[in-house]
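Have a look at the structure below, then the notes.
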Amino acid sequence: MSTGIHTRLGPAAIALRGIHKAYGKNAALAGLELEVAEGEFFCLLGPSGAGKTTTLKTVAGLEAPDSGTVELDGTDMDGVEPYDRGVAMCFESYALYPHRSAYDNLASPLRSPRHRLPAAEARERIGAIAELLGISGLLDRPVGQLSNGQRQRIALGRVLVRPARAFLLDEPLSHLDAKLRQSMRAELKAIGAVQHTTTLYVTHDSVEALALGDRIGVIRDGRIVQTGTREEIWYRPYDTEVARAFGRPRINLLPGTVTDSGGFRSADGAVELPLGAEVAPGTEVLVGMRPRDLALRGDGHELIGSVYVTEVLGRAVEVTVRLGEQYVSLVAPRADATHLRPDDPVRLTVRPENLLLFEADRPGRPGRGIGKSAR
Ligand SMILES: Nc1ncnc2c1ncn2[C@@H]1O[C@H](COP(=O)(O)OP(=O)(O)OP(=O)(O)O)[C@@H](O)[C@H]1O
């Protein structure tokens, strides 16, 4: 990987090496390795219980790892108290002072001896952050009277208001309604402090991770499964589980085998495709096709099937197509799909470079990507 953002000369802003952390017999982190570059916005994505919050707490010093090291700017943080680490963390369950005004809550970090600012400067910073987070009109209100979404923005503002070596944000937009969440995503990256400060951002929402992350780390069972830019994660997912985690409708995965001539044949024989990768004949595989990479017209490999159902998604239509015993979904422009009715024959196309190939899934082990060099 060599895009500008992570070519760096100095040490990583945040580095976690071989972190193990168990609660009783339950391993929350199992050899976690993670590096976040200076100034980078890094999204940690994973399902509930994957170890995301534990990772942030470990960086902040609120949890001590059983083994492994945490380094900030190249310095080992072993024995360094949370307050002395210089990171600012925003929890999903935010701790605000309910009886004090939103302004007071935002101002409290600026009153600590280390971050004390002259009153006028503090007011200016708070005003600017409040404006960007859309909470300017709430500053006089006691926090206890605000909605969950408003409180969450105050909690986020409280983290962003003071200079920090890194921001650690734990699902900071989770309590906002869908529309506000979408606009806040854009706002968040426009905030100067965020642009200039290394940010480790936890989410279970893949759309959020793709929208925000300079890089994304996919975490599962206390380990990082894959780290990469959004393009790397999207076009070269490590395994079928990563592929399934990104994109709605979900990626289509057709089971089949590699033929003697090196092509793909689906289990029921209804779909045949040439393959770019060299895989031994007889190997059981899954071919992945993203719904937006399948088209009702255009160039590419052909797949012949019949319409099962269509569903309008705003300006696009999701079409589910039966290919032999399998079903695949595709997202097509409305103009291409409005005439389609159930059982109509259809011809689909997929461009060869958009086909993904995986080993077959096995119990407890999602199929790994094959032939990643194809793109
Ligand atoms: N204080 C604790 N005591 C006991 N078990 C814990 C504690 N904190 C976390 N765990 C366990 O460690 C595992 C990882 O938890 P963690 O909160 O880091 O996951 P997460 O990815 O942040 O999930 P979520 O999105 O639900 O917050 C889970 O199995 C969780 O139950």
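Each chain of the structure tokens is named A, B, ... in the order shown, its residues numbered from 1; ligands are numbered from 1 in display order.
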Kindly compile the residues surrounding ligand 1 within 6 Å, counting only C-alpha atoms and all ligand atoms, and format them as a list in words. Tyr23, Ala28, Pro47, Ser48, Gly49, Ala50, Gly51, Lys52, Thr53 and Thr54 of chain A
Export of the given selection (C-alpha atoms) as an mmCIF file, in the first residue's frame:
data_model
loop_
_atom_site.group_PDB
_atom_site.id
_atom_site.type_symbol
_atom_site.label_atom_id
_atom_site.label_comp_id
_atom_site.auth_asym_id
_atom_site.auth_seq_id
_atom_site.Cartn_x
_atom_site.Cartn_y
_atom_site.Cartn_z
ATOM 1 C CA TYR A 23 -12.656 -10.863 30.540
ATOM 2 C CA ALA A 28 -12.230 -9.702 23.758
ATOM 3 C CA PRO A 47 -20.160 -6.576 14.436
ATOM 4 C CA SER A 48 -21.300 -6.304 18.034
ATOM 5 C CA GLY A 49 -18.886 -8.023 20.393
ATOM 6 C CA ALA A 50 -15.963 -7.986 17.920
ATOM 7 C CA GLY A 51 -13.781 -5.997 20.333
ATOM 8 C CA LYS A 52 -14.122 -2.437 18.978
ATOM 9 C CA THR A 53 -14.804 -0.672 22.260
ATOM 10 C CA THR A 54 -12.161 -2.709 24.041
#
Can you list, as a PyMOL selection string, every protein, DNA or RNA residue that comes within 7 Å of region 103-114 of chain A when you count only C-alpha atoms, leaving out same-chain residues fewer than 3 positions away? chain A and resi 96-97+100+117+122+126+139-140+154+157-158+162
Go ahead and save the picked residues with C-alpha atoms, as a compact mmCIF listing (two decimals), in the first residue's frame.
# COMPACT_ATOMS: atom_id res chain seq x y z
CA LEU A 96 -22.32 14.36 30.39
CA TYR A 97 -23.35 16.57 33.33
CA ARG A 100 -25.41 21.76 33.46
CA LEU A 117 -7.82 28.48 27.28
CA ALA A 122 -12.72 29.03 24.50
CA ILE A 126 -17.03 26.12 21.33
CA LEU A 139 -26.14 25.81 24.24
CA ASP A 140 -28.18 27.34 27.08
CA ILE A 154 -22.79 17.47 22.66
CA GLY A 157 -18.41 18.27 20.57
CA ARG A 158 -16.86 17.89 23.98
CA ARG A 162 -9.89 20.52 22.86
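Put simply, CA of Pro163 (chain A) is 19.4 Å away from CA of Met77 (chain A).
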Near-region 315-317 of chain A list (10 Å; only C-alpha atoms; drop same-chain fewer than 6 positions) as a PyMOL selection string: chain A and resi 330-338
What are the DSSP helix (DSSP H, G or I) residues of region 149-281 of chain A, as JSON, numbers by chain? {"A": [149, 150, 151, 152, 153, 154, 155, 156, 157, 158, 159, 160, 178, 179, 180, 181, 182, 183, 184, 185, 186, 187, 188, 189, 190, 192, 193, 194, 195, 196, 206, 207, 208, 209, 210, 211, 212, 230, 231, 232, 233, 234, 235, 240, 241, 242, 243, 244, 245]}
Find, counting only C-alpha atoms, the residue in A:Val271, A:Leu254, A:Met289, A:Leu180 that gets nearest to Ala360 (chain A).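 Smallest distance to Ala360 (chain A) is found for A:Leu254.
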Using only C-alpha atoms, which residues sit within 10 Å of Leu56 (chain A) once same-chain residues fewer than 3 positions away are excluded, as a PyMOL selection string? chain A and resi 44+51-53+59-63+89-91+167-170+200-202
May I have the selected residues written with N, CA and C atoms, as a CSV table (one decimal), in the first residue's frame?
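File produced: result14.csv:
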chain,number,residue,atom,x,y,z
A,44,LEU,N,-12.7,1.6,12.3
A,44,LEU,CA,-12.7,0.2,12.8
A,44,LEU,C,-14.1,-0.3,12.7
A,51,GLY,N,-14.9,-6.5,19.6
A,51,GLY,CA,-13.8,-6.0,20.3
A,51,GLY,C,-13.5,-4.5,20.0
A,52,LYS,N,-14.4,-3.8,19.4
A,52,LYS,CA,-14.1,-2.4,19.0
A,52,LYS,C,-13.9,-1.5,20.2
A,53,THR,N,-14.9,-1.6,21.1
A,53,THR,CA,-14.8,-0.7,22.3
A,53,THR,C,-13.6,-1.0,23.1
A,59,VAL,N,-6.4,1.7,23.9
A,59,VAL,CA,-5.6,2.9,23.4
A,59,VAL,C,-5.6,4.0,24.5
A,60,ALA,N,-6.8,4.2,25.0
A,60,ALA,CA,-7.0,5.3,26.0
A,60,ALA,C,-6.4,5.0,27.3
A,61,GLY,N,-6.1,3.8,27.6
A,61,GLY,CA,-5.5,3.4,28.9
A,61,GLY,C,-6.6,3.1,29.9
A,62,LEU,N,-7.8,2.9,29.5
A,62,LEU,CA,-8.9,2.6,30.4
A,62,LEU,C,-9.0,1.1,30.7
A,63,GLU,N,-8.3,0.4,29.8
A,63,GLU,CA,-8.2,-1.1,30.0
A,63,GLU,C,-6.7,-1.4,29.8
A,89,MET,N,-11.5,10.7,24.1
A,89,MET,CA,-12.4,9.6,23.7
A,89,MET,C,-13.8,10.0,23.9
A,90,CYS,N,-14.6,9.6,22.9
A,90,CYS,CA,-16.1,9.8,23.0
A,90,CYS,C,-16.8,8.4,23.1
A,91,PHE,N,-17.5,8.2,24.2
A,91,PHE,CA,-18.1,6.9,24.4
A,91,PHE,C,-19.5,6.9,23.7
A,167,PHE,N,-8.2,11.5,18.4
A,167,PHE,CA,-9.6,11.3,18.8
A,167,PHE,C,-9.9,9.9,18.7
A,168,LEU,N,-10.6,9.4,19.8
A,168,LEU,CA,-11.1,8.0,19.8
A,168,LEU,C,-12.6,8.1,19.8
A,169,LEU,N,-13.3,7.7,18.8
A,169,LEU,CA,-14.7,8.0,18.7
A,169,LEU,C,-15.5,6.6,18.6
A,170,ASP,N,-16.3,6.4,19.6
A,170,ASP,CA,-17.1,5.1,19.6
A,170,ASP,C,-18.5,5.3,19.1
A,200,LEU,N,-9.4,7.6,15.4
A,200,LEU,CA,-9.8,6.2,15.3
A,200,LEU,C,-11.3,6.1,15.6
A,201,TYR,N,-12.0,5.7,14.6
A,201,TYR,CA,-13.5,5.8,14.7
A,201,TYR,C,-14.1,4.4,14.6
A,202,VAL,N,-14.9,4.1,15.6
A,202,VAL,CA,-15.5,2.8,15.7
A,202,VAL,C,-16.9,2.8,15.1
Find, counting only C-alpha atoms, the residue in A:Pro98, A:Pro11, A:Gly371, A:Gly39 that gets nearest to Ala193 (chain A).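 Of A:Pro98, A:Pro11, A:Gly371, A:Gly39, the one nearest Ala193 (chain A) is A:Gly39, counting only C-alpha atoms.
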Please list as a PDB file with N, CA and C atoms, in the first residue's frame every residue within 9 Å of Gly263 (chain A), counting only C-alpha atoms and excluding residues in the same chain fewer than 4 positions away.
ATOM      1  N   THR A 257     -18.086 -25.037  -9.139  1.00  0.00           N
ATOM      2  CA  THR A 257     -16.745 -25.636  -9.175  1.00  0.00           C
ATOM      3  C   THR A 257     -15.962 -25.114 -10.378  1.00  0.00           C
ATOM      4  N   VAL A 258     -14.660 -25.289 -10.275  1.00  0.00           N
ATOM      5  CA  VAL A 258     -13.789 -24.920 -11.390  1.00  0.00           C
ATOM      6  C   VAL A 258     -13.778 -26.100 -12.362  1.00  0.00           C
ATOM      7  N   THR A 259     -14.023 -25.810 -13.647  1.00  0.00           N
ATOM      8  CA  THR A 259     -14.109 -26.877 -14.658  1.00  0.00           C
ATOM      9  C   THR A 259     -12.710 -27.260 -15.156  1.00  0.00           C
ATOM     10  N   GLU A 272     -22.299 -20.498 -16.367  1.00  0.00           N
ATOM     11  CA  GLU A 272     -20.898 -20.772 -16.699  1.00  0.00           C
ATOM     12  C   GLU A 272     -20.194 -19.458 -16.939  1.00  0.00           C
ATOM     13  N   LEU A 273     -19.010 -19.318 -16.381  1.00  0.00           N
ATOM     14  CA  LEU A 273     -18.244 -18.074 -16.530  1.00  0.00           C
ATOM     15  C   LEU A 273     -16.779 -18.411 -16.714  1.00  0.00           C
ATOM     16  N   PRO A 274     -16.071 -17.640 -17.548  1.00  0.00           N
ATOM     17  CA  PRO A 274     -14.622 -17.799 -17.577  1.00  0.00           C
ATOM     18  C   PRO A 274     -14.030 -17.186 -16.301  1.00  0.00           C
ATOM     19  N   LEU A 275     -12.886 -17.685 -15.868  1.00  0.00           N
ATOM     20  CA  LEU A 275     -12.267 -17.128 -14.662  1.00  0.00           C
ATOM     21  C   LEU A 275     -10.896 -16.567 -14.990  1.00  0.00           C
ATOM     22  N   GLY A 276     -10.551 -15.482 -14.312  1.00  0.00           N
ATOM     23  CA  GLY A 276      -9.236 -14.892 -14.523  1.00  0.00           C
ATOM     24  C   GLY A 276      -8.148 -15.613 -13.756  1.00  0.00           C
ATOM     25  N   VAL A 279      -7.035 -21.721 -10.918  1.00  0.00           N
ATOM     26  CA  VAL A 279      -7.427 -22.540  -9.771  1.00  0.00           C
ATOM     27  C   VAL A 279      -7.575 -23.972 -10.269  1.00  0.00           C
ATOM     28  N   PRO A 281      -8.782 -27.493 -11.337  1.00  0.00           N
ATOM     29  CA  PRO A 281     -10.099 -28.014 -11.695  1.00  0.00           C
ATOM     30  C   PRO A 281     -10.682 -28.836 -10.541  1.00  0.00           C
TER      31      PRO A 281
END
For CA of Glu232 (chain A) and CA of Ala277 (chain A), quote the distance in Å rounded to one decimal.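 Taking CA of Glu232 (chain A) and CA of Ala277 (chain A), their separation equals 17.8 Å.
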